[in-house]
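Printed here is run_39.cif (mmCIF, C-alpha atoms):
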```cif
data_structure
#
loop_
_atom_site.label_atom_id
_atom_site.label_comp_id
_atom_site.auth_asym_id
_atom_site.auth_seq_id
_atom_site.Cartn_x
_atom_site.Cartn_y
_atom_site.Cartn_z
CA MET A 1 11.34 23.76 -8.71
CA SER A 2 15.12 23.54 -8.76
CA PRO A 3 17.13 22.33 -11.76
CA SER A 4 18.24 19.23 -9.84
CA ALA A 5 14.58 18.41 -9.19
CA ASP A 6 13.89 18.63 -12.93
CA HIS A 7 16.70 16.16 -13.62
CA GLU A 8 15.40 13.78 -10.94
CA ASP A 9 11.90 13.90 -12.42
CA ASP A 10 13.21 13.18 -15.93
CA ASP A 11 15.41 10.29 -14.76
CA LEU A 12 12.58 8.62 -12.86
CA SER A 13 10.04 9.03 -15.66
CA ARG A 14 12.44 7.54 -18.17
CA SER A 15 13.55 4.64 -16.00
CA PRO A 16 10.75 2.62 -14.35
CA ALA A 17 13.41 0.34 -12.84
CA LEU A 18 14.94 3.31 -11.01
CA ALA A 19 11.52 4.33 -9.71
CA VAL A 20 10.77 0.82 -8.45
CA ARG A 21 14.17 0.64 -6.78
CA LEU A 22 13.54 3.98 -5.05
CA VAL A 23 10.17 2.78 -3.70
CA LEU A 24 11.76 -0.46 -2.49
CA VAL A 25 14.66 1.26 -0.72
CA VAL A 26 12.45 3.82 1.01
CA ALA A 27 10.06 1.08 2.18
CA LEU A 28 12.85 -1.20 3.43
CA ALA A 29 14.80 1.62 5.09
CA SER A 30 11.72 2.91 6.91
CA ALA A 31 10.63 -0.52 8.13
CA LEU A 32 14.12 -1.59 9.21
CA THR A 33 14.67 1.70 11.03
CA TRP A 34 11.38 1.26 12.86
CA VAL A 35 12.36 -2.27 13.93
CA VAL A 36 15.83 -1.19 15.13
CA CYS A 37 14.46 1.81 17.02
CA ARG A 38 11.80 -0.32 18.73
CA SER A 39 14.40 -2.93 19.65
CA PHE A 40 16.38 -0.18 21.40
CA GLY A 41 13.24 0.87 23.28
CA LEU A 42 13.07 4.33 21.68
CA GLY A 43 9.27 4.40 21.62
CA GLY A 44 7.85 7.62 20.23
CA ALA A 45 11.30 8.74 19.10
CA SER A 46 11.12 6.09 16.36
CA ALA A 47 9.30 8.57 14.13
CA TYR A 48 12.45 10.69 13.90
CA GLY A 49 14.43 7.75 12.58
CA VAL A 50 11.75 6.63 10.13
CA VAL A 51 11.46 10.11 8.60
CA ILE A 52 15.23 10.53 8.27
CA SER A 53 15.68 7.07 6.74
CA GLY A 54 13.21 7.95 4.00
CA LEU A 55 14.58 11.45 3.35
CA ILE A 56 18.22 10.36 3.14
CA VAL A 57 17.49 8.13 0.11
CA ARG A 58 18.04 10.28 -2.95
CA PRO A 59 15.82 9.77 -6.04
CA ARG A 60 18.82 9.21 -8.33
CA PHE A 61 20.83 7.33 -5.70
CA ASP A 62 23.65 9.86 -5.87
CA ARG A 63 25.77 10.26 -2.76
CA TRP A 64 25.30 13.03 -0.22
CA PRO A 65 28.28 15.27 0.56
CA PRO A 66 30.19 13.74 3.53
CA ALA A 67 29.59 16.89 5.59
CA VAL A 68 25.87 16.00 5.80
CA PHE A 69 26.59 13.01 8.05
CA VAL A 70 28.36 15.25 10.55
CA LEU A 71 26.20 18.33 10.20
CA LEU A 72 22.79 16.67 10.62
CA PRO A 73 23.50 15.03 14.04
CA VAL A 74 25.11 18.27 15.24
CA VAL A 75 22.09 20.36 14.22
CA VAL A 76 19.68 17.87 15.79
CA THR A 77 21.71 17.94 19.01
CA LEU A 78 21.79 21.74 19.14
CA GLY A 79 18.09 22.15 18.37
CA LEU A 80 16.79 19.55 20.82
CA ALA A 81 19.24 20.66 23.53
CA LEU A 82 18.14 24.28 23.19
CA GLY A 83 14.46 23.49 23.65
CA THR A 84 15.06 20.91 26.39
CA ALA A 85 17.31 23.26 28.38
CA LEU A 86 15.09 26.33 28.11
CA LYS A 87 11.68 24.75 28.76
CA PRO A 88 12.06 24.30 32.56
CA LEU A 89 13.47 27.83 32.81
CA LEU A 90 10.51 29.48 31.09
CA GLU A 91 7.62 29.61 33.52
CA GLY A 92 4.62 30.86 31.62
CA PRO A 93 2.08 30.10 28.89
CA PRO A 94 3.14 28.15 25.78
CA VAL A 95 3.10 31.28 23.61
CA TRP A 96 5.80 32.80 25.83
CA GLN A 97 7.91 29.65 25.72
CA PHE A 98 7.59 29.42 21.93
CA ALA A 99 8.52 33.09 21.49
CA VAL A 100 11.67 32.89 23.61
CA VAL A 101 12.90 29.61 22.14
CA THR A 102 12.14 30.85 18.61
CA VAL A 103 14.18 34.00 19.12
CA CYS A 104 17.12 32.02 20.53
CA ALA A 105 17.03 29.42 17.73
CA GLN A 106 16.77 31.94 14.91
CA VAL A 107 19.48 34.20 16.32
CA LEU A 108 21.74 31.15 16.60
CA GLY A 109 20.86 30.10 13.05
CA GLN A 110 21.48 33.57 11.64
CA ALA A 111 24.94 33.56 13.22
CA LEU A 112 25.85 30.59 11.01
CA PRO A 113 27.50 31.24 7.63
CA ASP A 114 25.19 31.67 4.65
CA LYS A 115 26.41 28.40 3.13
CA LEU A 116 24.55 26.71 6.00
CA MET A 117 21.35 28.67 5.41
CA LEU A 118 19.27 25.48 5.04
CA VAL A 119 20.22 24.58 8.61
CA ARG A 120 18.46 27.66 9.99
CA ASN A 121 14.93 26.41 9.41
CA ILE A 122 15.77 22.93 10.71
CA LEU A 123 17.21 24.43 13.88
CA ALA A 124 14.14 26.61 14.43
CA VAL A 125 11.81 23.59 14.07
CA LEU A 126 13.83 21.22 16.26
CA ALA A 127 14.19 23.76 19.06
CA VAL A 128 10.42 23.98 19.65
CA LEU A 129 9.74 20.23 19.48
CA PRO A 130 10.51 19.70 23.21
CA LEU A 131 7.93 22.39 23.98
CA LEU A 132 5.24 20.22 22.37
CA SER A 133 5.86 17.41 24.87
CA ALA A 134 4.44 17.46 28.38
CA ASN A 135 7.61 15.81 29.73
CA ALA A 136 10.58 16.99 27.70
CA THR A 137 13.64 15.35 29.27
CA TRP A 138 17.27 14.92 28.35
CA LEU A 139 16.62 11.18 28.04
CA GLY A 140 13.92 11.90 25.46
CA ALA A 141 16.25 14.21 23.53
CA TRP A 142 18.96 11.53 23.56
CA GLN A 143 16.49 8.93 22.26
CA GLN A 144 15.42 11.25 19.44
CA LEU A 145 19.04 11.90 18.48
CA LEU A 146 19.79 8.17 18.55
CA ALA A 147 16.76 7.51 16.32
CA VAL A 148 18.03 10.12 13.83
CA ILE A 149 21.47 8.48 13.75
CA ILE A 150 19.89 5.04 13.23
CA GLY A 151 17.72 6.34 10.39
CA LEU A 152 20.73 8.06 8.82
CA ALA A 153 22.81 4.88 8.97
CA VAL A 154 20.09 2.51 7.75
CA GLY A 155 18.93 4.71 4.86
CA THR A 156 22.46 5.44 3.68
CA SER A 157 23.51 1.80 3.90
CA LEU A 158 20.52 0.49 1.92
CA GLN A 159 20.94 3.18 -0.72
CA ALA A 160 24.63 2.26 -1.10
CA ALA A 161 23.81 -1.46 -1.23
CA LEU A 162 21.29 -1.00 -4.05
CA ARG A 163 23.19 1.64 -5.99
CA LEU A 164 24.09 0.51 -9.52
CA PRO A 165 27.18 1.50 -11.53
CA GLY A 166 25.10 3.74 -13.80
CA ASP A 167 23.68 5.83 -10.97
CA ALA A 168 24.96 9.33 -10.29
CA SER A 169 27.90 9.15 -7.91
CA GLY A 170 28.98 12.70 -7.15
CA PRO A 171 27.48 15.09 -4.61
CA GLU A 172 25.37 17.88 -6.00
CA ALA A 173 24.78 21.33 -4.64
CA GLU A 174 21.33 21.70 -3.11
CA ALA A 175 21.46 25.40 -2.30
CA GLU A 176 18.14 27.15 -2.88
CA VAL A 177 19.63 30.48 -3.87
CA ALA A 178 23.19 31.15 -4.94
CA MET A 179 24.42 34.06 -2.85
CA PRO A 180 27.80 35.32 -1.72
CA GLY A 181 28.85 34.91 1.88
CA ARG A 182 28.06 37.83 4.19
CA SER A 183 29.75 39.03 7.33
CA LEU A 184 28.11 38.48 10.72
CA ALA A 185 27.09 42.14 10.88
CA ALA A 186 25.55 41.98 7.41
CA ARG A 187 23.56 38.85 8.28
CA PHE A 188 22.03 40.51 11.34
CA ALA A 189 21.39 43.72 9.41
CA ASP A 190 19.18 41.78 6.98
CA PRO A 191 15.62 43.19 7.36
CA PHE A 192 14.10 39.93 6.16
CA PHE A 193 15.65 38.11 9.11
CA TRP A 194 13.97 40.49 11.54
CA ARG A 195 10.68 40.22 9.66
CA LYS A 196 10.73 36.45 10.03
CA LEU A 197 11.90 36.59 13.64
CA VAL A 198 9.04 38.86 14.75
CA VAL A 199 6.30 37.02 12.84
CA SER A 200 7.44 33.54 13.88
CA SER A 201 7.57 34.65 17.52
CA LEU A 202 3.92 35.71 17.26
CA ALA A 203 2.73 32.84 15.04
CA LEU A 204 1.56 30.54 17.84
CA SER A 205 -0.45 33.29 19.53
CA ILE A 206 -1.98 34.22 16.16
CA GLY A 207 -2.98 30.59 15.66
CA LEU A 208 -4.58 30.47 19.10
CA GLY A 209 -6.41 33.72 18.38
CA LEU A 210 -7.75 32.33 15.10
CA GLY A 211 -8.98 29.18 16.83
CA ALA A 212 -6.66 26.74 15.07
CA VAL A 213 -6.93 23.16 16.33
CA ASN A 214 -3.15 22.78 16.03
CA PRO A 215 -1.72 26.33 16.19
CA LYS A 216 1.82 24.91 16.00
CA TYR A 217 1.30 24.49 12.25
CA LEU A 218 1.02 28.26 11.86
CA TYR A 219 4.44 28.51 13.51
CA PHE A 220 5.87 25.82 11.24
CA GLY A 221 4.29 27.57 8.26
CA VAL A 222 6.03 30.85 8.98
CA VAL A 223 9.39 29.28 9.87
CA LEU A 224 9.50 26.92 6.88
CA LEU A 225 7.70 28.93 4.20
CA LEU A 226 8.34 32.64 4.71
CA ASN A 227 11.14 33.67 2.36
CA ASP A 228 12.68 36.91 1.16
CA SER A 229 10.70 37.09 -2.08
CA LEU A 230 7.07 36.42 -2.87
CA GLY A 231 8.00 33.87 -5.53
CA ALA A 232 10.18 31.80 -3.20
CA THR A 233 7.41 31.86 -0.57
CA LEU A 234 4.82 30.80 -3.15
CA GLY A 235 7.05 27.90 -4.21
CA ARG A 236 7.39 26.66 -0.66
CA VAL A 237 3.68 27.06 -0.01
CA ARG A 238 2.85 24.93 -3.06
CA ASP A 239 5.35 22.28 -1.99
CA ARG A 240 3.97 22.22 1.56
CA MET A 241 0.32 21.90 0.60
CA VAL A 242 0.93 19.28 -2.10
CA GLY A 243 3.23 17.28 0.18
CA VAL A 244 0.93 17.45 3.20
CA SER A 245 -2.17 16.62 1.14
CA LEU A 246 -0.63 13.54 -0.51
CA GLY A 247 1.46 12.55 2.51
CA VAL A 248 -1.57 11.81 4.70
CA LEU A 249 -3.33 9.55 2.19
CA MET A 250 -1.38 6.35 2.83
CA PRO A 251 -1.46 6.68 6.64
CA TRP A 252 -5.19 7.30 6.43
CA LEU A 253 -5.70 4.13 4.38
CA VAL A 254 -3.37 1.82 6.32
CA PHE A 255 -3.70 2.54 10.02
CA ASN A 256 -7.30 1.34 10.36
CA THR A 257 -6.51 -2.07 8.90
CA MET A 258 -3.00 -2.97 10.07
CA GLY A 259 -2.03 -0.77 13.00
CA VAL A 260 1.56 0.43 13.37
CA ASN A 261 4.12 -2.29 12.67
CA SER A 262 7.08 -2.81 10.39
CA VAL A 263 4.96 -3.99 7.45
CA ALA A 264 2.57 -1.06 7.80
CA VAL A 265 5.47 1.42 8.03
CA ALA A 266 6.94 -0.01 4.82
CA LEU A 267 3.56 0.20 3.07
CA VAL A 268 2.99 3.79 4.17
CA MET A 269 6.42 5.18 3.28
CA GLY A 270 6.84 3.07 0.14
CA GLY A 271 3.25 3.74 -0.89
CA THR A 272 3.68 7.50 -0.52
CA THR A 273 6.84 7.34 -2.64
CA ALA A 274 5.06 5.32 -5.33
CA LEU A 275 2.11 7.74 -5.33
CA ILE A 276 4.36 10.78 -5.74
CA LEU A 277 6.30 9.10 -8.57
CA ALA A 278 3.11 8.00 -10.33
CA LEU A 279 1.81 11.58 -10.28
CA GLY A 280 5.13 12.99 -11.52
CA LEU A 281 5.58 15.14 -8.42
CA VAL A 282 9.14 14.21 -7.49
CA PRO A 283 10.01 17.73 -6.20
CA HIS A 284 7.38 17.23 -3.48
CA LEU A 285 8.62 13.79 -2.40
CA ARG A 286 10.51 14.92 0.70
CA THR A 287 7.62 16.95 2.08
CA ALA A 288 5.21 14.07 1.46
CA LEU A 289 7.52 11.57 3.22
CA ILE A 290 7.82 13.88 6.23
CA SER A 291 4.05 14.16 6.39
CA SER A 292 3.57 10.37 6.09
CA GLY A 293 6.23 9.51 8.68
CA VAL A 294 5.08 12.05 11.25
CA THR A 295 1.41 11.30 10.72
CA PHE A 296 1.67 7.50 10.88
CA VAL A 297 4.60 6.68 13.15
CA GLY A 298 4.52 9.85 15.22
CA TYR A 299 0.83 9.80 16.10
CA GLY A 300 0.09 6.09 15.92
CA ALA A 301 -3.66 6.15 15.35
CA LEU A 302 -5.35 8.83 13.28
CA THR A 303 -8.65 10.22 14.46
CA ASP A 304 -11.23 11.38 11.95
CA TRP A 305 -10.63 15.05 12.68
CA TYR A 306 -6.83 14.96 12.41
CA VAL A 307 -6.39 15.02 8.63
CA PRO A 308 -8.78 17.89 7.81
CA SER A 309 -7.68 19.96 10.82
CA ARG A 310 -4.01 19.51 9.96
CA TRP A 311 -4.69 20.56 6.37
CA ILE A 312 -6.71 23.61 7.45
CA ASP A 313 -4.11 24.70 10.03
CA TYR A 314 -1.26 24.35 7.54
CA LEU A 315 -3.33 26.36 5.05
CA MET A 316 -3.64 29.09 7.69
CA GLY A 317 0.13 29.00 8.16
CA CYS A 318 0.61 29.35 4.41
CA GLY A 319 -1.79 32.27 4.34
CA LEU A 320 0.03 34.00 7.18
CA ALA A 321 3.40 33.60 5.43
CA LEU A 322 2.02 34.97 2.15
CA LEU A 323 0.24 37.86 3.88
CA VAL A 324 3.42 38.94 5.66
CA CYS A 325 5.38 38.60 2.40
CA LEU A 326 2.91 40.89 0.65
CA LEU A 327 2.53 43.53 3.37
CA VAL A 328 5.96 43.80 4.99
CA ARG A 329 8.81 44.78 2.64
CA PRO A 330 7.37 42.95 -0.42
CA VAL A 331 9.96 41.78 -2.92
CA SER A 332 9.09 40.38 -6.37
CA ALA A 333 11.58 37.88 -7.78
CA LEU A 334 9.88 38.14 -11.18
CA ARG A 335 10.31 41.92 -11.30
CA ARG A 336 13.93 41.62 -10.21
CA PHE A 337 14.58 38.97 -12.86
CA ARG A 338 13.16 41.17 -15.61
CA GLN A 339 15.18 44.16 -14.44
CA LEU A 340 18.41 42.18 -14.48
CA ALA A 341 17.54 40.61 -17.83
CA ALA A 342 16.91 44.03 -19.38
CA ALA A 343 20.29 45.22 -18.13
CA MET A 344 22.18 42.24 -19.57
CA PRO A 345 24.40 42.79 -22.59
CA GLN A 346 23.15 41.32 -25.86
CA ARG A 347 25.83 38.63 -25.90
CA SER A 348 26.52 37.62 -22.36
CA GLY A 349 27.07 33.90 -22.83
CA GLY A 350 24.16 32.66 -20.69
CA LEU A 351 22.53 33.49 -17.37
CA SER A 352 24.48 35.16 -14.61
CA PRO A 353 24.63 33.40 -11.20
CA GLU A 354 22.11 35.89 -9.78
CA LEU A 355 19.65 35.26 -12.60
CA LYS A 356 20.02 31.50 -12.20
CA GLY A 357 19.23 31.84 -8.50
CA LEU A 358 16.08 33.84 -9.30
CA VAL A 359 14.68 31.42 -11.90
CA PRO A 360 12.64 29.12 -9.57
CA SER A 361 11.11 32.01 -7.59
CA ALA A 362 10.42 34.12 -10.67
CA LEU A 363 8.83 31.14 -12.44
CA GLU A 364 6.55 30.57 -9.46
CA GLU A 365 5.35 34.17 -9.55
CA ALA A 366 4.86 34.02 -13.31
CA ARG A 367 2.82 30.82 -12.94
CA VAL A 368 0.51 32.42 -10.36
CA LEU A 369 0.12 35.60 -12.44
CA GLY A 370 -0.64 33.67 -15.62
CA GLN A 371 2.60 34.83 -17.23
CA GLU A 372 4.43 31.51 -17.35
CA ARG A 373 4.52 31.34 -21.15
CA GLU A 374 6.02 34.83 -21.46
CA PHE A 375 8.56 34.10 -18.76
CA ARG A 376 9.69 30.87 -20.40
CA GLN A 377 10.07 32.71 -23.71
CA LEU A 378 12.26 35.32 -22.01
CA LEU A 379 14.27 32.59 -20.33
CA ALA A 380 14.81 30.82 -23.66
CA GLN A 381 15.98 34.08 -25.26
CA LEU A 382 18.48 34.69 -22.47
CA GLN A 383 19.83 31.15 -22.69
CA ALA A 384 20.08 31.12 -26.50
#
```

Structure translated into structure tokens:
Amino acid sequence: MSPSADHEDDDLSRSPALAVRLVLVVALASALTWVVCRSFGLGGASAYGVVISGLIVRPRFDRWPPAVFVLLPVVVTLGLALGTALKPLLEGPPVWQFAVVTVCAQVLGQALPDKLMLVRNILAVLAVLPLLSANATWLGAWQQLLAVIIGLAVGTSLQAALRLPGDASGPEAEAEVAMPGRSLAARFADPFFWRKLVVSSLALSIGLGLGAVNPKYLYFGVVLLLNDSLGATLGRVRDRMVGVSLGVLMPWLVFNTMGVNSVAVALVMGGTTALILALGLVPHLRTALISSGVTFVGYGALTDWYVPSRWIDYLMGCGLALLVCLLVRPVSALRRFRQLAAAMPQRSGGLSPELKGLVPSALEEARVLGQEREFRQLLAQLQA
């Protein structure tokens, strides 16, 4: 859990009006995006817009950095174009197509500066989406990009319209780990990049070998969850499973009674937001909204087997990511934190940037090992 997530959770628990406003904006943005996308004849691409419109609304209504509104459409264009262009050139089974596109997408992502490290996973996911469609065309890619732009515009506009003077107004850094910029050679010399590249290239074939109903979720699990340290991977695994588990509840309840329409989309996305806020799980809101939007708008009608099979396949992806993290060059964020803390001078004036970056991952490891109390005591001593 990041420090910004802690602040968001506190703000929402202390201000019921802010929580209600967040639910309202997410519901309205999702429904309006769905209506606009359908009016443009975007069909199945509407799910892209609905998901983005919900994600772009920030819990404290603070503004995104302006670069996001340029970077997101560019990344979506690159990812979809890569998969759409390569699919007709790759004659062979799906596992071969996934492997080649994965390698291309991750090499391209690793070439980007480290300050854009969050873009790497998005690029790797978007690049394989055309491979999941029987007829991936440039028209379909254009419709998906247009839906993303519509969702971006609608969500941002509604958030701005309902922002109050007391809401946070400045952009905040969302980086997962503070790290200095590396040269291109250093980025490609990173052994953890090659570990992820090899495993993600094989993830679909592993899923098929294990008999997964949706082996693509093993690929998504490795791409999205596998991190350098065990603690960071554990944190992402917890977020994924909580978000996926809660994100399918509202679609499961609504689709049988109302079908897919603007009112149902608002109920699903707004209902998921309200459920997450009621449970005090704000850090998992984005993952839950992705799960709700994809499940409800993307698939239309849920069959009885979809929810349990999706959960099981994602669990297999989480297990694969954790297994690789444990067996191939294992790194403990908790151990590294304690080593750095022991080497700190007695009066250092607070945590160093490296220690601050390790806190979420080290806390996750301590929680799993039953050492959370001791870790928090150490953290309090260092901050005193």

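Applied to the file shown here, the PyMOL selection byres ((chain A and resi 128) around 9) selects Gly79, Leu80, Leu82, Gly83, Thr84, Gln97, Phe98, Val101, Thr102, Ala105, Leu123, Ala124, Val125, Leu126, Ala127, Leu129, Pro130, Leu131 and Leu132 of chain A.
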
Could you take the residues named above and write them with C-alpha atoms, as a PDB file, in the frame of the given file?
```pdb
ATOM      1  CA  GLY A  79      18.090  22.150  18.370  1.00  0.00           C
ATOM      2  CA  LEU A  80      16.790  19.550  20.820  1.00  0.00           C
ATOM      3  CA  LEU A  82      18.140  24.280  23.190  1.00  0.00           C
ATOM      4  CA  GLY A  83      14.460  23.490  23.650  1.00  0.00           C
ATOM      5  CA  THR A  84      15.060  20.910  26.390  1.00  0.00           C
ATOM      6  CA  GLN A  97       7.910  29.650  25.720  1.00  0.00           C
ATOM      7  CA  PHE A  98       7.590  29.420  21.930  1.00  0.00           C
ATOM      8  CA  VAL A 101      12.900  29.610  22.140  1.00  0.00           C
ATOM      9  CA  THR A 102      12.140  30.850  18.610  1.00  0.00           C
ATOM     10  CA  ALA A 105      17.030  29.420  17.730  1.00  0.00           C
ATOM     11  CA  LEU A 123      17.210  24.430  13.880  1.00  0.00           C
ATOM     12  CA  ALA A 124      14.140  26.610  14.430  1.00  0.00           C
ATOM     13  CA  VAL A 125      11.810  23.590  14.070  1.00  0.00           C
ATOM     14  CA  LEU A 126      13.830  21.220  16.260  1.00  0.00           C
ATOM     15  CA  ALA A 127      14.190  23.760  19.060  1.00  0.00           C
ATOM     16  CA  LEU A 129       9.740  20.230  19.480  1.00  0.00           C
ATOM     17  CA  PRO A 130      10.510  19.700  23.210  1.00  0.00           C
ATOM     18  CA  LEU A 131       7.930  22.390  23.980  1.00  0.00           C
ATOM     19  CA  LEU A 132       5.240  20.220  22.370  1.00  0.00           C
TER      20      LEU A 132
END
```

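Closest approach to Leu164 (chain A) among A:Ala17, A:Trp138, A:Arg367, A:Ile312: A:Ala17, based on all atoms listed in the file.
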
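Taking all atoms listed in the file into account, Ala189 (chain A) lies nearest to A:Ala111 out of the set A:Ala111, A:Ala212, A:Val154, A:Leu378.
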
CA of Leu281 (chain A) to CA of Val20 (chain A) measures 15.2 Å

Can you measure CA of Ala232 (chain A) to CA of Ser332 (chain A) for me? One decimal in Å is fine.
9.2 Å

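Each of A:Gly270, A:Gly243, A:Gly181, A:Gly207 was compared to Val57 (chain A) using all atoms listed in the file, and A:Gly270 turns out to be the nearest.
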
With the file shown as input, list the residues that the PyMOL selection byres ((chain A and resi 120) around 12) selects, as a ChimeraX atom specification.
/A:72,75-76,78-79,102-119,121-127,193,196-197,223-224

Write out as a PyMOL selection string the residues lying within 12 Å of Ser39 (chain A), counting all atoms listed in the file and excluding same-chain residues fewer than 5 positions away.
chain A and resi 32-34+46+147+150+262

Convert the current residue selection to file output with C-alpha atoms, as a short mmCIF file (atom, residue, chain, number, x, y, z; two decimals), keeping the file's coordinate frame.
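Contents of the output file selection.cif:
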```
data_model
loop_
_atom_site.label_atom_id
_atom_site.label_comp_id
_atom_site.auth_asym_id
_atom_site.auth_seq_id
_atom_site.Cartn_x
_atom_site.Cartn_y
_atom_site.Cartn_z
CA LEU A 32 14.12 -1.59 9.21
CA THR A 33 14.67 1.70 11.03
CA TRP A 34 11.38 1.26 12.86
CA SER A 46 11.12 6.09 16.36
CA ALA A 147 16.76 7.51 16.32
CA ILE A 150 19.89 5.04 13.23
CA SER A 262 7.08 -2.81 10.39
#
```

Starting from the sparse input, extend region 245-257 of chain A to N, CA and C atoms and give the output as a tab-separated table (two decimals), in the frame of the given file.
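Full text of selection22.tsv as output:
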```tsv
chain	number	residue	atom	x	y	z
A	245	SER	N	-0.93	17.22	1.64
A	245	SER	CA	-2.17	16.62	1.14
A	245	SER	C	-1.96	15.17	0.71
A	246	LEU	N	-0.89	14.91	-0.03
A	246	LEU	CA	-0.63	13.54	-0.51
A	246	LEU	C	0.02	12.68	0.57
A	247	GLY	N	0.76	13.31	1.48
A	247	GLY	CA	1.46	12.55	2.51
A	247	GLY	C	0.56	11.90	3.55
A	248	VAL	N	-0.67	12.40	3.71
A	248	VAL	CA	-1.57	11.81	4.70
A	248	VAL	C	-2.44	10.71	4.11
A	249	LEU	N	-2.42	10.52	2.80
A	249	LEU	CA	-3.33	9.55	2.19
A	249	LEU	C	-3.01	8.12	2.60
A	250	MET	N	-1.75	7.71	2.48
A	250	MET	CA	-1.38	6.35	2.83
A	250	MET	C	-1.58	6.06	4.32
A	251	PRO	N	-1.15	6.94	5.23
A	251	PRO	CA	-1.46	6.68	6.64
A	251	PRO	C	-2.94	6.53	6.90
A	252	TRP	N	-3.74	7.34	6.24
A	252	TRP	CA	-5.19	7.30	6.43
A	252	TRP	C	-5.76	5.96	5.97
A	253	LEU	N	-5.20	5.39	4.91
A	253	LEU	CA	-5.70	4.13	4.38
A	253	LEU	C	-5.22	2.92	5.19
A	254	VAL	N	-4.00	3.00	5.73
A	254	VAL	CA	-3.37	1.82	6.32
A	254	VAL	C	-3.66	1.64	7.80
A	255	PHE	N	-3.71	2.74	8.57
A	255	PHE	CA	-3.70	2.54	10.02
A	255	PHE	C	-4.94	1.82	10.55
A	256	ASN	N	-6.08	1.99	9.88
A	256	ASN	CA	-7.30	1.34	10.36
A	256	ASN	C	-7.27	-0.17	10.18
A	257	THR	N	-6.49	-0.65	9.22
A	257	THR	CA	-6.51	-2.07	8.90
A	257	THR	C	-5.35	-2.85	9.50
```
